[in-house]
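Engineer: Please find work.pdb (PDB, C-alpha atoms) on the next line:
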```pdb
ATOM      1  CA  LEU N   1      38.744  51.184  35.047
ATOM      2  CA  ARG N   2      38.594  50.892  31.228
ATOM      3  CA  THR N   3      36.077  52.708  29.102
ATOM      4  CA  MET N   4      34.869  51.740  25.666
ATOM      5  CA  SER N   5      33.636  54.065  22.981
ATOM      6  CA  VAL N   6      30.154  53.779  21.471
ATOM      7  CA  LYS N   7      31.816  52.563  18.283
ATOM      8  CA  GLY N   8      33.600  49.836  20.224
ATOM      9  CA  THR N   9      30.349  48.740  21.894
ATOM     10  CA  HIS N  10      28.600  48.403  18.529
ATOM     11  CA  ALA N  11      31.524  46.415  17.179
ATOM     12  CA  MET N  12      31.397  43.982  20.104
ATOM     13  CA  ARG N  13      27.644  43.533  19.664
ATOM     14  CA  SER N  14      28.076  42.830  15.938
ATOM     15  CA  LEU N  15      30.813  40.298  16.658
ATOM     16  CA  ARG N  16      28.658  38.574  19.291
ATOM     17  CA  LYS N  17      25.727  38.330  16.836
ATOM     18  CA  ALA N  18      27.990  36.902  14.149
ATOM     19  CA  ILE N  19      29.338  34.248  16.542
ATOM     20  CA  LEU N  20      25.806  33.231  17.570
ATOM     21  CA  ALA N  21      24.514  33.214  13.973
ATOM     22  CA  ALA N  22      27.293  31.043  12.559
ATOM     23  CA  PRO N  23      26.117  27.709  14.095
ATOM     24  CA  LEU N  24      22.528  28.486  13.103
ATOM     25  CA  ALA N  25      23.572  29.080   9.512
ATOM     26  CA  LEU N  26      25.443  25.766   9.463
ATOM     27  CA  LEU N  27      22.444  23.997  10.998
ATOM     28  CA  ALA N  28      20.073  25.516   8.439
ATOM     29  CA  GLY N  29      22.209  24.054   5.677
ATOM     30  CA  CYS N  30      21.671  20.554   7.123
ATOM     31  CA  ILE N  31      17.894  20.749   7.544
ATOM     32  CA  SER N  32      15.391  20.443   4.722
ATOM     33  CA  ILE N  33      11.851  21.462   5.619
ATOM     34  CA  GLY N  34       9.402  19.260   3.742
ATOM     35  CA  SER N  35      10.202  17.073   0.739
ATOM     36  CA  GLU N  36       9.401  16.795  -2.898
ATOM     37  CA  PRO N  37       6.030  15.077  -3.508
ATOM     38  CA  PRO N  38       6.205  11.746  -5.382
ATOM     39  CA  GLU N  39       5.733  11.971  -9.119
ATOM     40  CA  GLN N  40       3.186   9.126  -9.248
ATOM     41  CA  LEU N  41       0.593   8.030  -6.676
ATOM     42  CA  PHE N  42      -1.280   4.807  -7.414
ATOM     43  CA  THR N  43      -4.328   3.094  -6.033
ATOM     44  CA  LEU N  44      -6.377   0.006  -6.904
ATOM     45  CA  THR N  45      -9.907   0.543  -8.172
ATOM     46  CA  PRO N  46     -12.516  -2.256  -8.232
ATOM     47  CA  LYS N  47     -14.032  -2.760 -11.667
ATOM     48  CA  ALA N  48     -17.132  -4.363 -10.117
ATOM     49  CA  SER N  49     -19.006  -2.252  -7.602
ATOM     50  CA  ILE N  50     -22.476  -1.969  -6.085
ATOM     51  CA  ALA N  51     -24.690   0.904  -7.200
ATOM     52  CA  ALA N  52     -25.256   3.922  -4.984
ATOM     53  CA  GLY N  53     -28.165   3.476  -2.594
ATOM     54  CA  VAL N  54     -28.014  -0.325  -2.494
ATOM     55  CA  SER N  55     -28.145  -1.601   1.098
ATOM     56  CA  SER N  56     -28.037  -4.934   2.887
ATOM     57  CA  GLN N  57     -28.906  -6.161   6.348
ATOM     58  CA  GLY N  58     -28.672  -9.310   8.393
ATOM     59  CA  GLU N  59     -27.029 -10.917  11.408
ATOM     60  CA  VAL N  60     -23.373 -10.039  11.843
ATOM     61  CA  GLY N  61     -22.564 -13.687  12.386
ATOM     62  CA  ASP N  62     -23.869 -14.537   8.913
ATOM     63  CA  ALA N  63     -21.678 -11.971   7.191
ATOM     64  CA  LEU N  64     -18.405 -12.580   5.395
ATOM     65  CA  ALA N  65     -15.405 -10.711   6.788
ATOM     66  CA  VAL N  66     -12.610  -9.889   4.366
ATOM     67  CA  GLN N  67      -9.435  -9.276   6.333
ATOM     68  CA  VAL N  68      -6.327  -7.392   5.242
ATOM     69  CA  PRO N  69      -3.868 -10.082   4.110
ATOM     70  CA  ALA N  70      -0.486 -10.547   5.709
ATOM     71  CA  VAL N  71       2.489  -9.486   3.598
ATOM     72  CA  PRO N  72       6.243 -10.088   3.442
ATOM     73  CA  GLN N  73       8.421  -7.192   4.498
ATOM     74  CA  SER N  74       8.980  -6.166   0.860
ATOM     75  CA  LEU N  75       5.274  -5.275   0.598
ATOM     76  CA  ASN N  76       4.981  -3.599   3.971
ATOM     77  CA  VAL N  77       5.741  -0.234   2.365
ATOM     78  CA  ASN N  78       3.998   2.156  -0.018
ATOM     79  CA  ARG N  79       6.327   1.196  -2.871
ATOM     80  CA  ILE N  80       6.124  -1.167  -5.867
ATOM     81  CA  PRO N  81       8.789  -3.894  -5.601
ATOM     82  CA  VAL N  82      10.814  -4.891  -8.647
ATOM     83  CA  THR N  83      12.330  -8.380  -8.803
ATOM     84  CA  LYS N  84      15.646  -8.136 -10.644
ATOM     85  CA  SER N  85      16.884 -11.676  -9.927
ATOM     86  CA  ASP N  86      16.314 -14.544  -7.507
ATOM     87  CA  SER N  87      18.245 -12.637  -4.859
ATOM     88  CA  GLU N  88      17.929  -8.979  -5.846
ATOM     89  CA  LEU N  89      15.022  -6.649  -5.157
ATOM     90  CA  ALA N  90      14.533  -2.960  -5.875
ATOM     91  CA  TYR N  91      11.608  -0.525  -5.959
ATOM     92  CA  LEU N  92      10.077   1.148  -8.987
ATOM     93  CA  ALA N  93      11.288   4.716  -9.325
ATOM     94  CA  ASP N  94       8.834   7.584  -8.822
ATOM     95  CA  ALA N  95       5.880   5.297  -7.999
ATOM     96  CA  PHE N  96       4.101   5.191  -4.642
ATOM     97  CA  TRP N  97       0.841   3.670  -3.394
ATOM     98  CA  VAL N  98      -1.599   6.019  -1.666
ATOM     99  CA  GLU N  99      -1.682   3.478   1.194
ATOM    100  CA  LYS N 100      -0.237   0.047   1.968
ATOM    101  CA  PRO N 101      -0.826  -2.389  -0.947
ATOM    102  CA  ALA N 102      -2.401  -5.048   1.287
ATOM    103  CA  GLN N 103      -5.133  -2.599   2.303
ATOM    104  CA  LEU N 104      -5.780  -1.599  -1.309
ATOM    105  CA  PHE N 105      -5.951  -5.234  -2.407
ATOM    106  CA  ARG N 106      -8.386  -6.130   0.395
ATOM    107  CA  ASN N 107     -10.665  -3.265  -0.638
ATOM    108  CA  VAL N 108     -10.845  -4.531  -4.239
ATOM    109  CA  VAL N 109     -11.575  -8.111  -3.146
ATOM    110  CA  ALA N 110     -14.249  -7.034  -0.660
ATOM    111  CA  GLU N 111     -16.010  -4.726  -3.110
ATOM    112  CA  THR N 112     -15.946  -7.346  -5.871
ATOM    113  CA  ILE N 113     -17.539  -9.956  -3.591
ATOM    114  CA  ARG N 114     -20.051  -7.383  -2.354
ATOM    115  CA  SER N 115     -21.062  -6.541  -5.924
ATOM    116  CA  ARG N 116     -22.285 -10.112  -6.415
ATOM    117  CA  GLY N 117     -25.068  -9.434  -3.911
ATOM    118  CA  GLY N 118     -24.937 -12.904  -2.407
ATOM    119  CA  GLN N 119     -24.087 -11.955   1.149
ATOM    120  CA  MET N 120     -23.267  -9.105   3.476
ATOM    121  CA  VAL N 121     -19.557  -8.288   3.411
ATOM    122  CA  LEU N 122     -17.661  -6.650   6.246
ATOM    123  CA  ASP N 123     -14.239  -5.233   5.470
ATOM    124  CA  GLY N 124     -13.130  -3.445   8.586
ATOM    125  CA  GLY N 125     -13.865  -2.524  12.184
ATOM    126  CA  GLU N 126     -14.567  -4.661  15.219
ATOM    127  CA  LEU N 127     -17.734  -6.184  13.727
ATOM    128  CA  ALA N 128     -15.647  -7.990  11.100
ATOM    129  CA  TYR N 129     -14.189 -10.264  13.778
ATOM    130  CA  ALA N 130     -17.687 -11.364  14.839
ATOM    131  CA  ALA N 131     -18.480 -12.805  11.405
ATOM    132  CA  ARG N 132     -18.389 -16.605  11.345
ATOM    133  CA  THR N 133     -17.004 -16.727   7.802
ATOM    134  CA  GLN N 134     -13.558 -15.206   7.514
ATOM    135  CA  LEU N 135     -11.486 -14.620   4.381
ATOM    136  CA  SER N 136      -7.841 -13.967   5.177
ATOM    137  CA  GLY N 137      -4.476 -15.080   3.863
ATOM    138  CA  GLN N 138      -1.214 -13.666   2.573
ATOM    139  CA  LEU N 139      -0.446 -11.326  -0.296
ATOM    140  CA  ALA N 140       2.758 -13.108  -1.251
ATOM    141  CA  ALA N 141       3.664 -10.962  -4.263
ATOM    142  CA  MET N 142       2.449  -7.750  -5.815
ATOM    143  CA  GLY N 143       4.956  -6.030  -8.038
ATOM    144  CA  TYR N 144       7.007  -6.068 -11.219
ATOM    145  CA  ASP N 145       9.201  -8.931 -12.431
ATOM    146  CA  ALA N 146      12.026  -7.388 -14.459
ATOM    147  CA  THR N 147      13.273 -10.806 -15.584
ATOM    148  CA  SER N 148      10.065 -11.451 -17.556
ATOM    149  CA  SER N 149       8.666  -7.915 -18.027
ATOM    150  CA  GLU N 150       5.503  -8.883 -16.141
ATOM    151  CA  VAL N 151       3.522  -7.600 -13.223
ATOM    152  CA  VAL N 152       2.510 -10.371 -10.868
ATOM    153  CA  ILE N 153       0.164 -10.759  -7.922
ATOM    154  CA  VAL N 154       0.096 -13.893  -5.781
ATOM    155  CA  TYR N 155      -2.563 -14.259  -3.091
ATOM    156  CA  ASP N 156      -2.705 -17.274  -0.779
ATOM    157  CA  ALA N 157      -6.293 -17.214   0.467
ATOM    158  CA  ILE N 158      -7.668 -18.866   3.609
ATOM    159  CA  LEU N 159     -11.428 -19.240   4.009
ATOM    160  CA  ALA N 160     -12.629 -20.179   7.492
ATOM    161  CA  MET N 161     -16.164 -21.587   7.365
ATOM    162  CA  PRO N 162     -18.876 -21.395  10.089
ATOM    163  CA  ASP N 163     -18.666 -25.160  10.664
ATOM    164  CA  GLY N 164     -14.966 -24.948  11.443
ATOM    165  CA  GLN N 165     -13.701 -26.164   8.071
ATOM    166  CA  ILE N 166     -10.778 -24.364   6.444
ATOM    167  CA  LYS N 167     -10.307 -23.949   2.700
ATOM    168  CA  THR N 168      -7.124 -22.654   1.109
ATOM    169  CA  ARG N 169      -6.207 -21.717  -2.437
ATOM    170  CA  ARG N 170      -3.424 -19.871  -4.232
ATOM    171  CA  PHE N 171      -4.483 -17.223  -6.742
ATOM    172  CA  GLU N 172      -1.958 -15.849  -9.205
ATOM    173  CA  HIS N 173      -2.290 -13.467 -12.122
ATOM    174  CA  ARG N 174       0.346 -12.033 -14.456
ATOM    175  CA  VAL N 175       0.210  -9.301 -17.075
ATOM    176  CA  ASP N 176       3.039  -9.589 -19.612
ATOM    177  CA  ASN N 177       4.784  -7.168 -21.974
ATOM    178  CA  VAL N 178       4.831  -4.380 -19.394
ATOM    179  CA  GLU N 179       7.576  -1.768 -19.569
ATOM    180  CA  PRO N 180       9.320  -0.915 -16.270
ATOM    181  CA  GLU N 181       7.641   2.482 -16.126
ATOM    182  CA  ALA N 182       5.259   3.664 -13.430
ATOM    183  CA  ALA N 183       2.646   4.695 -16.012
ATOM    184  CA  GLU N 184       2.466   1.090 -17.270
ATOM    185  CA  VAL N 185       3.072  -0.908 -14.104
ATOM    186  CA  GLY N 186       0.345   0.816 -12.052
ATOM    187  CA  PRO N 187      -2.577   0.104 -14.426
ATOM    188  CA  ALA N 188      -1.323  -3.446 -15.042
ATOM    189  CA  LEU N 189      -1.325  -4.152 -11.305
ATOM    190  CA  ASN N 190      -4.867  -2.810 -11.114
ATOM    191  CA  ASP N 191      -5.929  -5.226 -13.873
ATOM    192  CA  ALA N 192      -4.216  -8.135 -12.096
ATOM    193  CA  ALA N 193      -5.816  -7.282  -8.746
ATOM    194  CA  ASN N 194      -9.286  -7.187 -10.307
ATOM    195  CA  ALA N 195      -8.726 -10.479 -12.122
ATOM    196  CA  ILE N 196      -7.806 -12.184  -8.857
ATOM    197  CA  ALA N 197     -10.728 -10.529  -7.039
ATOM    198  CA  GLU N 198     -13.136 -12.004  -9.597
ATOM    199  CA  GLU N 199     -11.649 -15.477  -9.079
ATOM    200  CA  VAL N 200     -11.838 -15.105  -5.298
ATOM    201  CA  ALA N 201     -15.481 -14.022  -5.534
ATOM    202  CA  ASP N 202     -16.276 -17.130  -7.604
ATOM    203  CA  TRP N 203     -14.441 -19.322  -5.082
ATOM    204  CA  VAL N 204     -16.129 -17.828  -2.020
ATOM    205  CA  GLY N 205     -19.534 -18.173  -3.719
TER     206      GLY N 205
END
```
Hey, can you dump this file as structure tokens for me?

Structural biologist:
Amino acid sequence: LRTMSVKGTHAMRSLRKAILAAPLALLAGCISIGSEPPEQLFTLTPKASIAAGVSSQGEVGDALAVQVPAVPQSLNVNRIPVTKSDSELAYLADAFWVEKPAQLFRNVVAETIRSRGGQMVLDGGELAYAARTQLSGQLAAMGYDATSSEVVIVYDAILAMPDGQIKTRRFEHRVDNVEPEAAEVGPALNDAANAIAEEVADWVG
């Protein structure tokens, strides 16, 4: 039978703790809790808007539903794409949308049409699918073109009418002489989105 001194027992306990702590220390070095917040967060703000307190009513079938447009994979993120060549794409550094760009663009279009006061506009929820007039389409481009120093938005709109007719139209707007900096690209995209929203509102009537 072997005996161990109190000193020896403490030494063994310290060694055991050190052995157990070593993997945890290595693991802690590999894990980062949280992340740095983005330097720039952008949104799109409609320049035309209805006044507070203004209301509308009518049959849901007579309303216009503005759907979120489809997007290519390059726009299915909260980033601003940068076209560097015909085959090369990057994303603008330190610039992030507060939500997906297609959603932001739809909100501007819907609010601009609503501000005209011509008809009730639905821009979300199950009721939107009951409207007989549907505005949908694809947001084909919404970013910065480094080859021309422009921001560009391209929207291929589809308007489904109550009588079954379909109208389509491509809307495109560019803002030139824009530096590849988040502080310039964000406001320029907002201007382009509002310009297209005004044209869409005129087209929808």

Engineer: Which residue gives the smallest distance to Leu64 (chain N) among N:Val185, N:Ala146, N:Ile113, N:Leu104, with all atoms listed in the file counted?

Structural biologist: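 Looking at the shortest contact to Leu64 (chain N), the residue is N:Ile113.
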
Engineer: Given the file shown, enumerate the residues that the PyMOL selection byres ((chain N and resi 94-101) around 12) captures and present them as a tab-separated table (two decimals) with C-alpha atoms, keeping the file's coordinate frame.

Structural biologist:
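The result, written out as result_33.tsv:
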```tsv
chain	number	residue	atom	x	y	z
N	36	GLU	CA	9.40	16.80	-2.90
N	37	PRO	CA	6.03	15.08	-3.51
N	38	PRO	CA	6.20	11.75	-5.38
N	39	GLU	CA	5.73	11.97	-9.12
N	40	GLN	CA	3.19	9.13	-9.25
N	41	LEU	CA	0.59	8.03	-6.68
N	42	PHE	CA	-1.28	4.81	-7.41
N	43	THR	CA	-4.33	3.09	-6.03
N	44	LEU	CA	-6.38	0.01	-6.90
N	45	THR	CA	-9.91	0.54	-8.17
N	68	VAL	CA	-6.33	-7.39	5.24
N	69	PRO	CA	-3.87	-10.08	4.11
N	70	ALA	CA	-0.49	-10.55	5.71
N	71	VAL	CA	2.49	-9.49	3.60
N	72	PRO	CA	6.24	-10.09	3.44
N	73	GLN	CA	8.42	-7.19	4.50
N	74	SER	CA	8.98	-6.17	0.86
N	75	LEU	CA	5.27	-5.28	0.60
N	76	ASN	CA	4.98	-3.60	3.97
N	77	VAL	CA	5.74	-0.23	2.37
N	78	ASN	CA	4.00	2.16	-0.02
N	79	ARG	CA	6.33	1.20	-2.87
N	80	ILE	CA	6.12	-1.17	-5.87
N	81	PRO	CA	8.79	-3.89	-5.60
N	82	VAL	CA	10.81	-4.89	-8.65
N	91	TYR	CA	11.61	-0.52	-5.96
N	92	LEU	CA	10.08	1.15	-8.99
N	93	ALA	CA	11.29	4.72	-9.32
N	102	ALA	CA	-2.40	-5.05	1.29
N	103	GLN	CA	-5.13	-2.60	2.30
N	104	LEU	CA	-5.78	-1.60	-1.31
N	105	PHE	CA	-5.95	-5.23	-2.41
N	106	ARG	CA	-8.39	-6.13	0.40
N	107	ASN	CA	-10.66	-3.26	-0.64
N	108	VAL	CA	-10.84	-4.53	-4.24
N	138	GLN	CA	-1.21	-13.67	2.57
N	139	LEU	CA	-0.45	-11.33	-0.30
N	140	ALA	CA	2.76	-13.11	-1.25
N	141	ALA	CA	3.66	-10.96	-4.26
N	142	MET	CA	2.45	-7.75	-5.82
N	143	GLY	CA	4.96	-6.03	-8.04
N	144	TYR	CA	7.01	-6.07	-11.22
N	153	ILE	CA	0.16	-10.76	-7.92
N	180	PRO	CA	9.32	-0.92	-16.27
N	181	GLU	CA	7.64	2.48	-16.13
N	182	ALA	CA	5.26	3.66	-13.43
N	183	ALA	CA	2.65	4.70	-16.01
N	184	GLU	CA	2.47	1.09	-17.27
N	185	VAL	CA	3.07	-0.91	-14.10
N	186	GLY	CA	0.34	0.82	-12.05
N	187	PRO	CA	-2.58	0.10	-14.43
N	189	LEU	CA	-1.32	-4.15	-11.30
N	190	ASN	CA	-4.87	-2.81	-11.11
N	193	ALA	CA	-5.82	-7.28	-8.75
```

Engineer: Please indicate the distance in Å from CA of Ser49 (chain N) to CA of Ala195 (chain N), rounded to one decimal place.

Structural biologist: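 Computing the Euclidean distance for CA of Ser49 (chain N) and CA of Ala195 (chain N) yields 13.9 Å.
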
Engineer: Please, what is the axis-aligned box for every listed atom of region 72-80 of chain N with 3 Å on each side, as centre and edge lengths in Å to one decimal, as JSON?

Structural biologist:
```
{"center_x": 6.5, "center_y": -4.0, "center_z": -0.7, "size_x": 11.0, "size_y": 18.2, "size_z": 16.4}
```

Engineer: How many Å lie between CA of Lys84 (chain N) and CA of Phe171 (chain N), rounded to one decimal?

Structural biologist: 22.4 Å

Engineer: Expand the PyMOL selection byres ((chain N and resi 112) around 9) into the explicit residue set it covers here, and present it as a PDB file with C-alpha atoms, in the frame of the given file.

Structural biologist:
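For reference, expr_3.pdb as written:
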```pdb
ATOM      1  CA  PRO N  46     -12.516  -2.256  -8.232  1.00  0.00           C
ATOM      2  CA  LYS N  47     -14.032  -2.760 -11.667  1.00  0.00           C
ATOM      3  CA  ALA N  48     -17.132  -4.363 -10.117  1.00  0.00           C
ATOM      4  CA  SER N  49     -19.006  -2.252  -7.602  1.00  0.00           C
ATOM      5  CA  ILE N  50     -22.476  -1.969  -6.085  1.00  0.00           C
ATOM      6  CA  ASN N 107     -10.665  -3.265  -0.638  1.00  0.00           C
ATOM      7  CA  VAL N 108     -10.845  -4.531  -4.239  1.00  0.00           C
ATOM      8  CA  VAL N 109     -11.575  -8.111  -3.146  1.00  0.00           C
ATOM      9  CA  ALA N 110     -14.249  -7.034  -0.660  1.00  0.00           C
ATOM     10  CA  GLU N 111     -16.010  -4.726  -3.110  1.00  0.00           C
ATOM     11  CA  ILE N 113     -17.539  -9.956  -3.591  1.00  0.00           C
ATOM     12  CA  ARG N 114     -20.051  -7.383  -2.354  1.00  0.00           C
ATOM     13  CA  SER N 115     -21.062  -6.541  -5.924  1.00  0.00           C
ATOM     14  CA  ARG N 116     -22.285 -10.112  -6.415  1.00  0.00           C
ATOM     15  CA  ASN N 194      -9.286  -7.187 -10.307  1.00  0.00           C
ATOM     16  CA  ALA N 197     -10.728 -10.529  -7.039  1.00  0.00           C
ATOM     17  CA  GLU N 198     -13.136 -12.004  -9.597  1.00  0.00           C
ATOM     18  CA  VAL N 200     -11.838 -15.105  -5.298  1.00  0.00           C
ATOM     19  CA  ALA N 201     -15.481 -14.022  -5.534  1.00  0.00           C
TER      20      ALA N 201
END
```

Engineer: Could you please determine the separation between CA of Ser136 (chain N) and CA of Tyr155 (chain N) in Å, to one decimal place?

Structural biologist: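 For CA of Ser136 (chain N) relative to CA of Tyr155 (chain N), the distance reads 9.8 Å.
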
Engineer: Could you check the closest approach to Val178 (chain N) for each of N:Leu159, N:Ile196, N:Val66, N:Val152 and tell me which residue wins, using all atoms listed in the file?

Structural biologist: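 Ranked by minimum distance to Val178 (chain N), first place goes to N:Val152.
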
Engineer: At a cut-off of 8 Å, using only C-alpha atoms, what residues contact Asp62 (chain N)? Leave out same-chain residues fewer than 4 positions from it and give the result as a PyMOL selection string.

Structural biologist: chain N and resi 58+120+131-133

Engineer: Keeping only C-alpha atoms, write the selected residues to a file as an mmCIF file, in the coordinates of the input.

Structural biologist:
```cif
data_model
loop_
_atom_site.group_PDB
_atom_site.id
_atom_site.type_symbol
_atom_site.label_atom_id
_atom_site.label_comp_id
_atom_site.auth_asym_id
_atom_site.auth_seq_id
_atom_site.Cartn_x
_atom_site.Cartn_y
_atom_site.Cartn_z
ATOM 1 C CA GLY N 58 -28.672 -9.310 8.393
ATOM 2 C CA MET N 120 -23.267 -9.105 3.476
ATOM 3 C CA ALA N 131 -18.480 -12.805 11.405
ATOM 4 C CA ARG N 132 -18.389 -16.605 11.345
ATOM 5 C CA THR N 133 -17.004 -16.727 7.802
#
```
